[in-house]
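Novice: Next comes the structure file my_file.cif, holding mmCIF, C-alpha atoms and all ligand atoms.
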data_coords
loop_
_atom_site.label_atom_id
_atom_site.label_comp_id
_atom_site.auth_asym_id
_atom_site.auth_seq_id
_atom_site.Cartn_x
_atom_site.Cartn_y
_atom_site.Cartn_z
CA MET A 1 -114.61 -2.40 100.32
CA LYS A 2 -114.60 -2.75 104.10
CA ASN A 3 -115.08 0.43 106.09
CA GLU A 4 -111.80 0.10 108.00
CA LYS A 5 -109.87 -0.34 104.76
CA LEU A 6 -111.53 2.70 103.18
CA ILE A 7 -110.69 4.86 106.16
CA SER A 8 -107.11 3.66 106.31
CA ASN A 9 -106.72 4.32 102.56
CA LEU A 10 -108.10 7.81 103.05
CA LYS A 11 -105.68 8.48 105.91
CA LYS A 12 -102.78 7.22 103.83
CA VAL A 13 -103.67 9.55 100.95
CA GLN A 14 -104.06 12.49 103.35
CA LYS A 15 -100.67 11.69 104.84
CA ASN A 16 -99.08 11.52 101.39
CA ILE A 17 -100.63 14.88 100.52
CA LYS A 18 -99.08 16.44 103.62
CA ALA A 19 -95.70 14.90 102.86
CA ALA A 20 -95.74 16.08 99.23
CA ALA A 21 -96.77 19.58 100.34
CA ALA A 22 -93.99 19.69 102.94
CA LYS A 23 -91.45 18.59 100.35
CA ALA A 24 -92.48 21.52 98.15
CA ASN A 25 -92.66 23.97 101.07
CA ARG A 26 -96.38 24.37 100.60
CA ASP A 27 -99.13 24.54 103.21
CA TYR A 28 -101.07 21.28 102.83
CA LYS A 29 -104.29 23.17 103.54
CA GLU A 30 -103.96 24.73 100.09
CA ILE A 31 -104.58 21.32 98.56
CA LYS A 32 -108.07 19.90 98.24
CA LEU A 33 -108.64 16.17 97.95
CA LEU A 34 -111.49 15.31 95.57
CA ALA A 35 -112.58 11.70 96.13
CA VAL A 36 -113.50 10.22 92.76
CA SER A 37 -116.34 7.84 93.52
CA LYS A 38 -117.28 6.69 90.00
CA LYS A 39 -118.24 3.01 89.92
CA HIS A 40 -118.23 2.88 93.70
CA SER A 41 -121.16 2.48 96.01
CA ILE A 42 -123.28 4.84 98.06
CA ASP A 43 -122.27 2.94 101.20
CA GLU A 44 -118.60 3.59 100.54
CA ILE A 45 -119.33 7.27 99.93
CA LYS A 46 -121.25 7.44 103.22
CA THR A 47 -118.36 5.86 105.10
CA LEU A 48 -116.01 8.53 103.80
CA LYS A 49 -118.54 11.25 104.56
CA GLN A 50 -118.66 10.04 108.15
CA ALA A 51 -114.88 10.26 108.22
CA GLY A 52 -115.18 13.95 107.36
CA LEU A 53 -114.91 14.03 103.57
CA ASN A 54 -117.50 16.12 101.75
CA PHE A 55 -115.86 16.65 98.41
CA PHE A 56 -116.58 14.09 95.66
CA GLY A 57 -116.20 13.81 91.90
CA GLU A 58 -118.05 11.83 89.24
CA ASN A 59 -117.53 11.60 85.49
CA ARG A 60 -120.99 10.56 84.28
CA VAL A 61 -124.09 12.73 84.62
CA GLN A 62 -126.54 9.89 85.17
CA GLU A 63 -124.45 8.16 87.82
CA LEU A 64 -123.94 11.47 89.58
CA GLU A 65 -127.66 12.28 89.54
CA GLU A 66 -128.62 8.86 90.87
CA LYS A 67 -126.12 8.96 93.71
CA ASN A 68 -126.97 12.52 94.59
CA GLU A 69 -130.71 11.90 94.71
CA LYS A 70 -130.25 8.86 96.91
CA LEU A 71 -127.94 10.71 99.27
CA LEU A 72 -130.14 13.81 99.42
CA SER A 73 -133.12 11.63 100.30
CA GLU A 74 -131.10 10.51 103.32
CA GLY A 75 -130.25 14.09 104.21
CA ILE A 76 -126.67 13.95 102.94
CA GLU A 77 -125.64 16.89 100.77
CA LEU A 78 -122.16 16.51 99.32
CA ASP A 79 -120.19 19.01 97.28
CA TRP A 80 -119.89 17.42 93.85
CA HIS A 81 -117.54 18.28 91.04
CA PHE A 82 -118.20 17.01 87.54
CA ILE A 83 -114.94 15.78 86.01
CA GLY A 84 -115.86 13.81 82.87
CA HIS A 85 -116.39 14.65 79.23
CA LEU A 86 -119.73 16.46 79.16
CA GLN A 87 -122.23 16.14 76.32
CA ARG A 88 -124.21 19.28 75.65
CA ASN A 89 -127.57 17.52 75.96
CA LYS A 90 -126.70 16.54 79.55
CA VAL A 91 -125.78 20.01 80.78
CA LYS A 92 -129.36 20.82 81.83
CA TYR A 93 -129.39 17.96 84.32
CA LEU A 94 -126.18 19.12 85.95
CA MET A 95 -127.27 22.73 86.16
CA ARG A 96 -130.43 21.92 88.06
CA MET A 97 -128.36 20.04 90.68
CA GLU A 98 -127.70 22.81 93.15
CA ASN A 99 -124.92 20.92 94.90
CA CYS A 100 -122.99 20.31 91.70
CA ARG A 101 -120.47 22.99 92.61
CA MET A 102 -118.09 22.90 89.68
CA ILE A 103 -117.57 21.60 86.16
CA GLN A 104 -113.88 20.78 85.81
CA SER A 105 -114.03 19.62 82.22
CA LEU A 106 -114.92 22.54 79.99
CA ASP A 107 -113.35 21.48 76.70
CA SER A 108 -115.06 23.35 73.86
CA LEU A 109 -116.68 26.67 73.11
CA ARG A 110 -119.98 25.03 72.20
CA LEU A 111 -120.06 23.33 75.58
CA ALA A 112 -119.13 26.56 77.35
CA LYS A 113 -122.02 28.36 75.65
CA GLU A 114 -124.48 25.64 76.61
CA VAL A 115 -123.31 25.67 80.23
CA ASN A 116 -123.65 29.44 80.28
CA LYS A 117 -127.18 29.27 78.87
CA ARG A 118 -128.34 26.60 81.34
CA ALA A 119 -126.70 28.31 84.29
CA LYS A 120 -128.58 31.48 83.39
CA LYS A 121 -131.85 29.56 83.16
CA ASN A 122 -131.25 28.15 86.63
CA ASP A 123 -130.38 31.58 87.94
CA ARG A 124 -126.89 30.65 89.05
CA LYS A 125 -123.26 31.22 88.23
CA ILE A 126 -121.30 28.01 87.80
CA PRO A 127 -117.61 27.68 88.71
CA VAL A 128 -115.68 26.03 85.88
CA LEU A 129 -112.20 24.81 85.03
CA VAL A 130 -110.87 24.66 81.50
CA GLU A 131 -109.57 21.22 80.61
CA ILE A 132 -106.18 21.35 78.94
CA ASN A 133 -104.74 18.52 76.87
CA ILE A 134 -101.20 19.21 78.03
CA SER A 135 -99.65 16.04 76.65
CA GLY A 136 -101.24 16.43 73.22
CA ASP A 137 -102.56 12.88 73.51
CA GLU A 138 -105.02 12.24 70.66
CA ASN A 139 -107.28 10.18 72.91
CA LYS A 140 -107.75 12.95 75.43
CA PHE A 141 -110.22 15.78 75.47
CA GLY A 142 -109.18 19.31 76.27
CA ILE A 143 -107.98 22.56 74.75
CA THR A 144 -104.44 22.50 73.39
CA PRO A 145 -101.97 24.73 75.26
CA ALA A 146 -101.46 26.79 72.10
CA LYS A 147 -105.17 27.64 71.95
CA ALA A 148 -105.73 28.09 75.68
CA GLU A 149 -105.32 31.85 75.82
CA GLU A 150 -107.67 32.49 72.93
CA PHE A 151 -110.22 30.07 74.42
CA LEU A 152 -110.07 31.67 77.84
CA LYS A 153 -110.55 35.13 76.37
CA LYS A 154 -113.63 33.95 74.50
CA ILE A 155 -115.30 32.44 77.54
CA THR A 156 -114.66 35.42 79.81
CA ASN A 157 -117.59 37.00 77.96
CA LEU A 158 -119.97 34.30 79.17
CA GLU A 159 -121.30 35.96 82.29
CA PHE A 160 -122.79 32.91 84.02
CA LEU A 161 -119.48 31.07 84.07
CA GLN A 162 -117.14 31.71 86.97
CA ILE A 163 -113.73 30.80 85.59
CA GLU A 164 -111.67 29.36 88.43
CA GLY A 165 -108.75 27.65 86.76
CA LEU A 166 -107.44 24.74 84.76
CA MET A 167 -107.68 20.96 84.86
CA THR A 168 -105.68 18.26 83.12
CA ILE A 169 -105.64 14.48 82.84
CA LEU A 170 -102.27 12.98 82.04
CA PRO A 171 -101.72 9.71 80.25
CA TYR A 172 -100.87 6.79 82.51
CA LEU A 173 -97.06 6.70 82.52
CA ASP A 174 -94.41 5.04 84.66
CA ASP A 175 -91.94 7.78 83.88
CA SER A 176 -92.23 10.19 86.80
CA GLU A 177 -89.93 12.78 85.23
CA LYS A 178 -92.12 12.91 82.12
CA LEU A 179 -95.20 13.35 84.32
CA ARG A 180 -93.40 16.08 86.23
CA SER A 181 -92.56 17.94 83.05
CA TYR A 182 -96.24 17.93 82.00
CA PHE A 183 -97.24 19.26 85.43
CA LYS A 184 -94.62 21.99 85.13
CA ASP A 185 -96.02 22.90 81.70
CA MET A 186 -99.48 23.16 83.30
CA LYS A 187 -98.22 25.41 86.08
CA ASN A 188 -96.45 27.67 83.59
CA LEU A 189 -99.59 27.92 81.48
CA PHE A 190 -101.67 28.61 84.60
CA ASP A 191 -99.33 31.45 85.63
CA LYS A 192 -99.23 32.89 82.13
CA LEU A 193 -103.02 32.88 81.72
CA SER A 194 -103.47 34.32 85.20
CA ALA A 195 -101.21 37.22 84.28
CA ASN A 196 -102.50 37.79 80.74
CA VAL A 197 -106.21 36.98 80.81
CA ILE A 198 -107.90 36.48 84.16
CA PRO A 199 -106.68 35.61 87.68
CA LEU A 200 -106.99 31.85 88.27
CA ASP A 201 -107.15 30.06 91.63
CA GLU A 202 -107.47 26.35 91.00
CA LEU A 203 -105.13 23.94 89.27
CA SER A 204 -106.70 20.48 89.22
CA MET A 205 -104.11 17.83 88.38
CA GLY A 206 -102.89 14.55 89.78
CA MET A 207 -104.66 11.19 90.20
CA THR A 208 -103.76 7.99 92.02
CA ASN A 209 -100.72 7.40 89.83
CA ASP A 210 -99.22 10.85 90.18
CA TYR A 211 -100.88 13.10 92.77
CA GLN A 212 -97.77 13.54 94.90
CA ILE A 213 -95.78 14.83 91.92
CA ALA A 214 -98.70 17.07 90.95
CA ILE A 215 -98.69 18.61 94.43
CA GLU A 216 -94.95 19.25 94.26
CA GLU A 217 -95.61 21.08 90.99
CA GLY A 218 -98.46 23.27 92.20
CA ALA A 219 -101.77 21.36 92.13
CA THR A 220 -104.54 22.86 94.29
CA ILE A 221 -107.01 20.01 93.66
CA VAL A 222 -106.01 16.36 93.33
CA ARG A 223 -108.61 13.89 92.05
CA VAL A 224 -108.06 10.50 93.64
CA GLY A 225 -110.16 7.38 93.07
CA THR A 226 -108.29 4.09 93.17
CA ALA A 227 -105.95 4.93 96.05
CA ILE A 228 -109.03 5.48 98.26
CA PHE A 229 -111.67 3.07 96.91
CA GLY A 230 -109.51 0.37 95.35
CA GLU A 231 -109.76 -0.82 91.76
CA ARG A 232 -112.93 -0.08 89.82
CA GLU A 233 -114.90 -2.94 88.29
CA TYR A 234 -116.23 -2.36 84.79
C1 LIG A 301 -111.34 8.37 87.26
C2 LIG A 301 -110.78 9.73 87.27
C3 LIG A 301 -109.88 10.14 88.26
C4 LIG A 301 -109.37 9.22 89.36
O1 LIG A 301 -108.52 8.24 88.83
P1 LIG A 301 -107.71 7.24 89.79
O2 LIG A 301 -106.56 6.83 88.93
O3 LIG A 301 -108.62 6.14 90.12
O4 LIG A 301 -107.27 8.01 90.97
C5 LIG A 301 -109.43 11.45 88.24
N1 LIG A 301 -109.84 12.32 87.29
C6 LIG A 301 -110.70 11.97 86.33
C7 LIG A 301 -111.11 12.99 85.33
C8 LIG A 301 -111.21 10.67 86.28
O5 LIG A 301 -112.07 10.34 85.30
#
Show me this structure written as structure tokens.
Ligand SMILES: *Cc1c(COP(=O)(O)O)cnc(C)c1O
Specialist:
Amino acid sequence: MKNEKLISNLKKVQKNIKAAAAKANRDYKEIKLLAVSKKHSIDEIKTLKQAGLNFFGENRVQELEEKNEKLLSEGIELDWHFIGHLQRNKVKYLMRMENCRMIQSLDSLRLAKEVNKRAKKNDRKIPVLVEINISGDENKFGITPAKAEEFLKKITNLEFLQIEGLMTILPYLDDSEKLRSYFKDMKNLFDKLSANVIPLDELSMGMTNDYQIAIEEGATIVRVGTAIFGEREY
């Protein structure tokens, strides 16, 4: 995509974030925009970096590693969040990437234990979010809301994980009130777990289709791809 178009898309998203925050009487500075660059080029990422964005997300380990190595070789160190379903045999690659700052998609105890083990080996503590399958969609990964408290309690024992909050991916729906009700369920769960188990800071929810609603309902991180980069080609 052309540089000017990328920058104007970015500005539009930033403006929408401010408007959604204002509508909900929130300070827009509480909301972090994660640019989801999967399937998009290094050049596009660099354009956004020049425009002041440093915060990017990818959902595949190999693609993330390749982009990161290329960018680092040019002296560009971004803050990456991993947002995709993570296979245990790939965890070691993520954990040796110092500027992979968070795993947002912790979705099983076996994965949590592997991340803990590899973080320890790399002498670091890794910030994580627990992925919640709030809609109960069979095709989605994530811990069910009913099991979330038990899961969180179990992983608090893993000392190389720094538990920061929750993440969810909603199904693609046109019905904004249905989306809103899922976001409200997430916020309620977030507040309940914060009170009962461990204080949480980050609530990662909202994508191109629904980030404004997510912000109105309490998101602290929105993960936006298409609205910035345009459609992905597969
Ligand atoms: C691709 C992806 C996004 C961004 O989706 P868009 O609809 O393009 O904004 C957000 N979160 C996750 C986990 C993704 O895989």
Novice: Kindly work out which residues sit at most 12 Å from ligand LIG 301 (chain A), using all atoms listed in the file, and give the list as JSON, numbers by chain.
Specialist: {"A": [13, 33, 34, 35, 36, 37, 38, 39, 40, 56, 57, 58, 59, 60, 81, 82, 83, 84, 85, 86, 103, 104, 105, 106, 129, 131, 132, 133, 140, 141, 142, 167, 168, 169, 170, 171, 172, 173, 204, 205, 206, 207, 208, 209, 210, 211, 212, 221, 222, 223, 224, 225, 226, 227, 228, 229, 230, 231, 232, 233]}
Novice: Would you kindly return, as a list of chain:residue names, each protein, DNA or RNA residue with an atom no farther than 10 Å from any atom of stretch 184-197 of chain A, considering all atoms listed in the file and excluding same-chain residues fewer than 6 positions away?
Specialist: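 So, after excluding close chain neighbours, the residues are A:Ile132, A:Asn133, A:Ile134, A:Ser135, A:Pro145, A:Ala146, A:Ala148, A:Glu149, A:Glu150, A:Leu152, A:Lys153, A:Thr156, A:Gly165, A:Leu166, A:Met167, A:Thr168, A:Lys178, A:Leu203, A:Ser204, A:Met205, A:Ile213, A:Ala214, A:Glu216, A:Glu217, A:Gly218, A:Ala219.
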Novice: Do you know which residues are at most 7 Å from A:Pro127 counting all atoms listed in the file, after dropping those on the same chain fewer than 4 positions away, and could you put them as a ChimeraX atom specification?
Specialist: /A:101-103,161-164
Novice: Just checking: using all atoms listed in the file, which residue out of A:Ser108, A:Asn3, A:Asn89, A:Asn157 ends up closest to A:Glu44?
Specialist: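 Answer, going by the shortest atom-to-atom distance: A:Asn3.
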Novice: What is the distance between atom CA of A:Trp80 and atom CA of A:Cys100, in Å to one decimal?
Specialist: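 Computed distance, atom CA of A:Trp80 to atom CA of A:Cys100, equals 4.8 Å.
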Novice: Go through A:Ile126, A:Met97, A:Val91, A:Leu10 one by one, measure the shortest atom-to-atom distance of each to A:Leu72 using all atoms listed in the file, and give the residue with the smallest value.
Specialist: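 Ranked by minimum distance to A:Leu72, first place goes to A:Met97.
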Novice: Please report the interatomic distance between atom CA of A:Lys125 and atom CA of A:Tyr93 in Å with one decimal.
Specialist: 15.1 Å
Novice: A:Ala20, A:Asp43, A:Thr220, A:Glu159: which is nearest A:Leu200, counting only C-alpha atoms?
Specialist: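 Between A:Ala20, A:Asp43, A:Thr220, A:Glu159, the residue approaching A:Leu200 most closely is A:Thr220.
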Novice: Identify which of the residues A:Glu74, A:Asp175, A:Asp79, A:Glu69 lies closest to A:Phe55, counting all atoms listed in the file when measuring atom-to-atom distances.
Specialist: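 The shortest atom-to-atom distance to A:Phe55 comes from A:Asp79.
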Novice: So how many Å separate atom CA of A:Arg180 and atom CA of A:Ile215, to one decimal?
Specialist: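 Between these atoms lies a distance of 10.1 Å.
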Novice: Between A:Lys70, A:Ile45, A:Asn122, A:Ala19, which is the closest to A:Met1 once you count all atoms listed in the file?
Specialist: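 Of the candidates, the smallest distance to A:Met1 is held by A:Ile45.
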Novice: Point out the residue among A:Asp107, A:Gly52, A:Glu77, A:Asn139 with the least atom-to-atom distance to A:Lys11, counting only C-alpha atoms.
Specialist: A:Gly52
